[in-house]
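One file, final-v3.cif, carrying mmCIF, C-alpha atoms (C1' of nucleotides):
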```cif
data_protein
loop_
_atom_site.label_atom_id
_atom_site.label_comp_id
_atom_site.auth_asym_id
_atom_site.auth_seq_id
_atom_site.Cartn_x
_atom_site.Cartn_y
_atom_site.Cartn_z
CA MET A 35 -4.23 -3.56 1.91
CA PRO A 36 -4.85 -1.13 2.18
CA GLU A 37 -4.29 1.82 0.05
CA LEU A 38 -5.09 5.30 1.27
CA ILE A 39 -8.84 4.66 1.28
CA GLU A 40 -8.64 1.62 3.51
CA VAL A 41 -6.15 3.21 5.88
CA GLU A 42 -8.45 6.21 6.24
CA ARG A 43 -11.12 3.78 7.42
CA TYR A 44 -8.69 2.38 9.90
CA ARG A 45 -7.92 5.90 11.05
CA ARG A 46 -11.55 6.62 11.73
CA LEU A 47 -11.79 3.34 13.61
CA ALA A 48 -8.68 4.21 15.62
CA GLU A 49 -10.33 7.39 16.84
CA GLY A 50 -12.29 5.08 19.08
CA VAL A 51 -9.16 4.35 21.06
CA LEU A 52 -8.44 7.94 22.01
CA GLY A 53 -8.21 8.62 25.71
CA ARG A 54 -8.21 4.95 26.66
CA PRO A 55 -5.02 3.97 28.54
CA ILE A 56 -2.99 1.00 27.34
CA GLY A 57 -2.59 -1.81 29.82
CA ALA A 58 -0.58 -4.39 27.91
CA VAL A 59 1.20 -4.84 24.59
CA THR A 60 1.59 -8.09 22.68
CA VAL A 61 3.86 -8.30 19.65
CA ASP A 62 4.21 -11.32 17.37
CA PRO A 63 7.89 -12.23 17.67
CA LEU A 64 8.13 -12.54 13.89
CA ALA A 65 6.39 -9.27 13.20
CA ALA A 66 8.67 -6.68 11.71
CA VAL A 67 9.10 -4.17 14.46
CA PRO A 68 12.37 -2.28 14.29
CA HIS A 69 12.54 -2.09 18.05
CA ALA A 70 13.05 -4.53 20.83
CA VAL A 71 9.64 -5.83 21.80
CA ASP A 72 10.22 -4.83 25.41
CA ASP A 73 11.00 -1.28 24.30
CA VAL A 74 7.67 -1.05 22.50
CA ALA A 75 5.84 -2.25 25.58
CA ASP A 76 7.80 0.08 27.84
CA ARG A 77 6.89 3.03 25.66
CA LEU A 78 3.21 2.21 25.32
CA VAL A 79 2.02 0.77 28.60
CA GLY A 80 0.27 3.42 30.64
CA ARG A 81 -0.01 5.77 27.66
CA SER A 82 -3.13 6.65 25.75
CA ALA A 83 -3.58 8.04 22.26
CA VAL A 84 -4.76 11.62 21.89
CA ALA A 85 -5.12 11.82 18.10
CA ALA A 86 -5.33 9.50 15.10
CA ARG A 87 -3.77 10.89 11.92
CA ARG A 88 -2.92 9.46 8.51
CA ILE A 89 -0.35 10.26 5.87
CA GLY A 90 -0.76 8.12 2.79
CA LYS A 91 -0.89 4.52 3.97
CA LEU A 92 0.69 5.28 7.35
CA LEU A 93 -1.62 5.46 10.37
CA LEU A 94 -0.29 7.64 13.16
CA CYS A 95 -1.51 7.50 16.74
CA ASP A 96 -0.20 10.43 18.75
CA LEU A 97 0.41 9.55 22.39
CA ASP A 98 -0.14 11.58 25.51
CA ASP A 99 3.61 11.76 26.13
CA GLY A 100 4.35 13.42 22.81
CA GLY A 101 5.41 10.23 21.05
CA THR A 102 3.74 8.64 18.05
CA LEU A 103 2.84 5.06 17.22
CA GLY A 104 3.02 4.35 13.49
CA LEU A 105 1.12 1.45 11.93
CA ARG A 106 1.52 0.13 8.39
CA PHE A 107 -0.64 -2.67 7.07
CA GLY A 108 1.27 -4.22 4.20
CA MET A 109 -1.07 -5.92 1.74
CA THR A 110 -3.23 -7.92 4.09
CA GLY A 111 -3.34 -6.06 7.38
CA ARG A 112 -6.64 -5.27 9.04
CA LEU A 113 -7.32 -3.19 12.12
CA LEU A 114 -9.77 -4.26 14.81
CA LEU A 115 -11.04 -2.16 17.67
CA ASP A 116 -12.71 -3.99 20.53
CA GLY A 117 -12.93 -7.02 18.27
CA VAL A 118 -14.70 -5.19 15.45
CA ALA A 119 -12.92 -4.93 12.09
CA GLY A 120 -12.58 -1.56 10.41
CA LEU A 121 -13.02 -3.28 7.10
CA ASP A 122 -14.93 -6.42 6.33
CA ASP A 123 -13.84 -7.48 2.92
CA LEU A 124 -10.19 -6.97 2.25
CA GLN A 125 -9.31 -8.43 -1.13
CA TYR A 126 -6.24 -10.64 -1.29
CA GLY A 127 -6.43 -10.92 2.42
CA SER A 128 -8.31 -13.61 4.13
CA ASN A 129 -11.27 -12.41 6.12
CA ARG A 130 -11.51 -15.46 8.25
CA GLU A 131 -11.35 -14.82 11.93
CA GLU A 132 -7.96 -16.16 12.81
CA PRO A 133 -6.59 -14.75 16.04
CA ARG A 134 -3.26 -16.38 15.24
CA TRP A 135 -2.79 -13.65 12.65
CA ASP A 136 -2.85 -10.99 15.32
CA ARG A 137 0.61 -9.45 15.02
CA PHE A 138 0.22 -6.50 17.31
CA ARG A 139 -2.21 -6.10 20.14
CA LEU A 140 -2.92 -3.32 22.60
CA ASP A 141 -5.05 -4.37 25.53
CA LEU A 142 -6.71 -1.35 27.06
CA LEU A 143 -7.28 -0.88 30.76
CA ASP A 144 -11.02 -0.67 30.15
CA GLY A 145 -11.07 -4.19 28.69
CA GLY A 146 -11.06 -3.17 25.05
CA SER A 147 -8.35 -3.77 22.49
CA LEU A 148 -6.73 -2.51 19.32
CA VAL A 149 -5.38 -5.28 17.07
CA VAL A 150 -3.48 -5.50 13.79
CA ARG A 151 -4.48 -8.78 12.12
CA ASP A 152 -2.14 -9.49 9.22
CA PRO A 153 -1.80 -12.98 7.67
CA ARG A 154 1.20 -12.14 5.52
CA ARG A 155 3.05 -10.18 8.15
CA LEU A 156 3.96 -7.46 5.70
CA GLY A 157 2.70 -4.77 8.05
CA ARG A 158 4.97 -2.75 10.29
CA VAL A 159 4.85 -1.19 13.70
CA GLU A 160 7.18 1.70 14.39
CA LEU A 161 7.60 4.20 17.18
CA ASP A 162 8.07 7.80 16.12
CA PRO A 163 8.21 7.04 12.38
CA ASP A 164 9.91 9.57 10.15
CA GLU A 165 6.95 11.34 8.60
CA GLY A 166 9.25 13.42 6.43
CA ARG A 167 9.95 10.41 4.26
CA LEU A 168 6.45 10.62 2.80
CA GLY A 169 5.28 12.92 0.06
CA PRO A 170 2.03 14.91 0.24
CA ASP A 171 -1.15 12.92 0.71
CA ALA A 172 -2.82 11.91 -2.56
CA ALA A 173 -6.35 12.56 -1.28
CA THR A 174 -5.77 16.31 -1.34
CA VAL A 175 -2.94 16.74 -3.82
CA GLY A 176 -3.09 19.93 -5.88
CA VAL A 177 -1.67 20.81 -9.25
CA ASP A 178 1.43 22.50 -7.86
CA ALA A 179 2.34 19.58 -5.62
CA LEU A 180 1.68 17.08 -8.42
CA THR A 181 3.86 19.11 -10.75
CA ARG A 182 6.70 18.73 -8.29
CA VAL A 183 6.09 14.97 -8.25
CA LEU A 184 6.26 14.56 -12.01
CA ALA A 185 8.35 17.36 -13.51
CA GLY A 186 11.70 16.45 -14.98
CA SER A 187 11.32 12.72 -14.44
CA THR A 188 11.94 10.08 -17.08
CA THR A 189 10.35 7.42 -14.90
CA ALA A 190 7.09 5.85 -15.96
CA LEU A 191 4.14 7.93 -14.77
CA LYS A 192 2.67 5.07 -12.77
CA ALA A 193 5.95 4.28 -11.01
CA ARG A 194 6.14 7.92 -9.97
CA LEU A 195 2.57 7.91 -8.66
CA LEU A 196 3.42 4.84 -6.58
CA ASP A 197 6.55 6.41 -5.07
CA GLN A 198 5.40 7.07 -1.50
CA GLY A 199 8.28 9.44 -0.90
CA ARG A 200 6.91 11.73 -3.59
CA LEU A 201 3.17 11.16 -3.32
CA ALA A 202 1.72 9.21 -0.42
CA GLY A 203 -1.30 6.96 -0.51
CA LEU A 204 -1.83 5.53 -3.99
CA GLY A 205 -1.36 1.77 -4.37
CA ASN A 206 -1.44 -0.45 -7.40
CA LEU A 207 -5.19 -0.43 -7.94
CA LEU A 208 -5.72 3.29 -7.47
CA ALA A 209 -2.73 4.18 -9.63
CA ASP A 210 -4.14 2.15 -12.54
CA GLU A 211 -7.61 3.59 -12.03
CA VAL A 212 -6.48 7.23 -12.08
CA CYS A 213 -4.30 6.69 -15.17
CA TRP A 214 -7.21 5.04 -16.93
CA ARG A 215 -9.69 7.76 -15.94
CA SER A 216 -7.21 10.38 -17.10
CA ARG A 217 -6.59 8.55 -20.38
CA LEU A 218 -2.87 8.67 -19.67
CA ASP A 219 -0.48 5.85 -20.56
CA PRO A 220 0.99 4.63 -17.26
CA ALA A 221 4.28 3.88 -19.06
CA ARG A 222 4.70 7.41 -20.32
CA PRO A 223 7.69 9.31 -18.88
CA ALA A 224 6.30 11.35 -15.99
CA GLY A 225 8.00 14.55 -17.09
CA THR A 226 6.26 14.59 -20.48
CA LEU A 227 2.87 15.60 -19.10
CA ASP A 228 1.98 19.16 -19.94
CA ARG A 229 0.39 21.62 -17.52
CA ARG A 230 -3.12 20.83 -18.62
CA GLU A 231 -2.57 17.10 -18.23
CA VAL A 232 -1.04 17.50 -14.78
CA ALA A 233 -3.91 19.70 -13.64
CA ALA A 234 -6.48 17.20 -14.91
CA LEU A 235 -4.60 14.31 -13.30
CA ALA A 236 -4.49 16.06 -9.93
CA ARG A 237 -8.24 16.56 -10.07
CA THR A 238 -8.80 12.96 -11.15
CA ILE A 239 -6.68 11.65 -8.27
CA ARG A 240 -8.77 13.58 -5.76
CA THR A 241 -12.14 12.71 -7.27
CA THR A 242 -11.23 9.04 -7.78
CA VAL A 243 -10.11 8.65 -4.18
CA ALA A 244 -13.32 10.30 -2.99
CA GLU A 245 -15.55 8.27 -5.28
CA LEU A 246 -14.00 4.87 -4.52
CA ASP A 247 -14.14 5.77 -0.84
CA ARG A 248 -17.89 6.25 -1.21
CA ARG A 249 -18.16 2.97 -3.10
CA GLY A 250 -16.32 1.23 -0.33
CA GLY A 251 -12.75 0.49 -1.38
CA SER A 252 -9.79 0.70 -3.72
CA HIS A 253 -10.92 -2.48 -5.47
CA LEU A 254 -14.23 -0.98 -6.64
CA GLY A 255 -12.86 1.03 -9.54
CA ASP A 256 -14.27 0.87 -13.06
CA LEU A 257 -11.12 -0.84 -14.28
CA GLN A 258 -11.36 -3.68 -11.80
CA ALA A 259 -13.31 -5.95 -14.15
CA ALA A 260 -10.39 -5.81 -16.59
CA ARG A 261 -7.97 -6.63 -13.79
CA ASP A 262 -10.12 -9.59 -12.88
CA GLY A 263 -9.78 -11.06 -16.35
CA ARG A 264 -12.02 -9.23 -18.78
CA THR A 265 -10.12 -8.24 -21.87
CA ALA A 266 -12.18 -5.26 -22.98
CA CYS A 267 -11.87 -1.69 -21.80
CA PRO A 268 -15.05 -0.93 -19.80
CA ARG A 269 -15.30 2.47 -21.50
CA CYS A 270 -14.50 1.91 -25.18
CA GLY A 271 -14.58 -1.87 -25.51
CA GLY A 272 -11.07 -1.89 -26.96
CA ALA A 273 -8.26 -4.20 -25.98
CA VAL A 274 -6.81 -4.05 -22.50
CA LEU A 275 -3.06 -4.24 -21.91
CA ARG A 276 -1.58 -6.23 -19.06
CA ARG A 277 2.03 -5.27 -18.37
CA ARG A 278 4.49 -4.85 -15.54
CA ILE A 279 5.29 -1.25 -14.76
CA GLY A 280 7.12 -0.18 -11.67
CA GLY A 281 7.34 -3.82 -10.73
CA ARG A 282 3.57 -4.19 -10.49
CA THR A 283 0.94 -5.74 -12.73
CA THR A 284 -0.56 -2.88 -14.70
CA ILE A 285 -3.88 -2.77 -16.55
CA SER A 286 -4.59 -0.10 -19.15
CA CYS A 287 -6.55 0.55 -22.32
CA ALA A 288 -4.39 0.08 -25.41
CA THR A 289 -6.24 2.67 -27.45
CA GLU A 290 -7.44 5.38 -25.08
CA GLN A 291 -4.47 5.90 -22.81
CA ARG A 292 -1.78 8.05 -24.36
"C1'" DC B 103 2.51 -27.67 -7.34
"C1'" DC B 104 2.56 -22.99 -9.38
"C1'" DG B 105 1.82 -18.26 -9.78
"C1'" DG B 106 0.07 -14.13 -8.16
"C1'" DA B 107 -1.75 -10.92 -4.66
"C1'" DT B 108 -4.25 -3.23 -2.41
"C1'" DG B 109 3.33 -3.19 -0.05
"C1'" DT B 110 8.09 -1.87 1.35
"C1'" DT B 111 12.92 -2.36 1.30
"C1'" DC B 112 17.38 -3.64 -0.16
"C1'" DA B 113 21.03 -5.36 -3.08
"C1'" DC B 114 22.80 -5.01 -7.55
"C1'" DC B 115 23.06 -3.27 -12.17
"C1'" DT B 116 23.14 0.32 -16.04
"C1'" DG C 290 22.16 10.56 -8.31
"C1'" DA C 291 18.40 8.41 -11.18
"C1'" DG C 292 16.06 4.34 -12.39
"C1'" DG C 293 15.19 -0.58 -13.41
"C1'" DT C 294 15.00 -5.37 -11.87
"C1'" DG C 295 14.59 -8.99 -8.88
"C1'" DA C 296 14.39 -10.88 -4.47
"C1'" DA C 297 12.82 -11.14 0.05
"C1'" DC C 298 9.43 -10.91 3.51
"C1'" DA C 299 5.09 -14.84 4.75
"C1'" DT C 300 0.72 -16.60 3.69
"C1'" DC C 301 -3.37 -17.44 1.38
"C1'" DC C 302 -5.99 -18.44 -2.76
"C1'" DG C 303 -7.43 -20.24 -7.28
#
```

Do you think you could lay out the structure here as structure tokens?
Amino acid sequence: MPELIEVERYRRLAEGVLGRPIGAVTVDPLAAVPHAVDDVADRLVGRSAVAARRIGKLLLCDLDDGGTLGLRFGMTGRLLLDGVAGLDDLQYGSNREEPRWDRFRLDLLDGGSLVVRDPRRLGRVELDPDEGRLGPDAATVGVDALTRVLAGSTTALKARLLDQGRLAGLGNLLADEVCWRSRLDPARPAGTLDRREVAALARTIRTTVAELDRRGGSHLGDLQAARDGRTACPRCGGAVLRRRIGGRTTISCATEQR
DNA sequence: CCGGATGTTCACCT
DNA sequence: GAGGTGAACATCCG
């Protein structure tokens, strides 16, 4: 799933649900919803969404009673409005049409529907999620905010960039891509970046998110070929490193990234 | 059968 | 408190 880019697509899709009252709610009994299923239905039936927002990978649908429905998509969650997917090709997810993977469904009074289809069930549905737990959104992060994310930390740069409480929206693929484009070693202690490096990284995060959004997804970065098995850096032809950093498989150029 | 996968969270160490 | 690791979640895919 969905990193920031994919969830932004879902957000745009979700705008199509605004003003359309909810008639019924169906929740997969195994789906991770930290509420009683009946409570979710009680809160949503009869309501309609008035705005669709996004912070990082969290999609927020503001309701006409002042509440908010929060949707997370895990690694394989897709969003469908009126049966149409917001995203066709989700890597690592299956794109087969399997209604049995529908974990959360809003049936609208006008006959339409909003559905979270998630084979692995790693997505989450939450009422009134705590938005304060998320850091600033990566799509618009500036040098000052990024400085606050990195300064004084001995943690690996990549692990810090993936920490949603400090910077919201980057996932494993985007984090590797921005480190590679910035020629920064993802294992380097975050606090060792100087002002110039932090400023360049902030710019690279914004431009990379925008560019991969135009290309169509987080998996369309220049580094993806190396992730898929090539052993040469697509820029210099040197050796590619495959390590685990921050608990995630990490691809980087052994010579360029310092 | 095995390992790994765009994620989050929690228990358990150091 | 700060971080690291590993497991768990559940399922598909190569």

Here's the selection I'm unsure about, the PyMOL selection byres ((chain A and resi 269) around 12); applied to the file above, which residues does it give, as a short mmCIF file (atom, residue, chain, number, x, y, z; two decimals) with C-alpha atoms, in the coordinates of the input?
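And here is the file that came out, out.cif:
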```
data_model
loop_
_atom_site.label_atom_id
_atom_site.label_comp_id
_atom_site.auth_asym_id
_atom_site.auth_seq_id
_atom_site.Cartn_x
_atom_site.Cartn_y
_atom_site.Cartn_z
CA TRP A 214 -7.21 5.04 -16.93
CA ARG A 215 -9.69 7.76 -15.94
CA ARG A 217 -6.59 8.55 -20.38
CA ASP A 256 -14.27 0.87 -13.06
CA LEU A 257 -11.12 -0.84 -14.28
CA ALA A 259 -13.31 -5.95 -14.15
CA ALA A 260 -10.39 -5.81 -16.59
CA THR A 265 -10.12 -8.24 -21.87
CA ALA A 266 -12.18 -5.26 -22.98
CA CYS A 267 -11.87 -1.69 -21.80
CA PRO A 268 -15.05 -0.93 -19.80
CA CYS A 270 -14.50 1.91 -25.18
CA GLY A 271 -14.58 -1.87 -25.51
CA GLY A 272 -11.07 -1.89 -26.96
CA ALA A 273 -8.26 -4.20 -25.98
CA VAL A 274 -6.81 -4.05 -22.50
CA SER A 286 -4.59 -0.10 -19.15
CA CYS A 287 -6.55 0.55 -22.32
CA ALA A 288 -4.39 0.08 -25.41
CA THR A 289 -6.24 2.67 -27.45
CA GLU A 290 -7.44 5.38 -25.08
CA GLN A 291 -4.47 5.90 -22.81
#
```

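Minimum atom-to-atom distances from A:Leu103, A:Leu254, A:Leu94, A:Cys213 to chain B were compared using all atoms listed in the file, and the lowest value belongs to A:Leu254.
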
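All of the residues in chain B within 6 Å of chain A are DA107, DT108 and DG109 of chain B, where only C-alpha atoms (C1' of nucleotides) were counted.
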
Which residues, named as in the file, does the PyMOL selection byres ((chain C) within 8 of (chain A)) pick out? Answer as an NGL selection string.
:C and (292 or 294 or 298-302)

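We find atom CA of Ala85 of chain A and atom CA of Ala48 of chain A to be spaced 8.8 Å apart.
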
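Evaluated against this file, the PyMOL selection byres ((chain A and resi 140) around 9) yields Ile56, Gly57, Ala58, Val59, Thr60, Val61, Leu78, Val79, Phe138, Arg139, Asp141, Leu142, Gly146, Ser147, Leu148 and Val149 of chain A.
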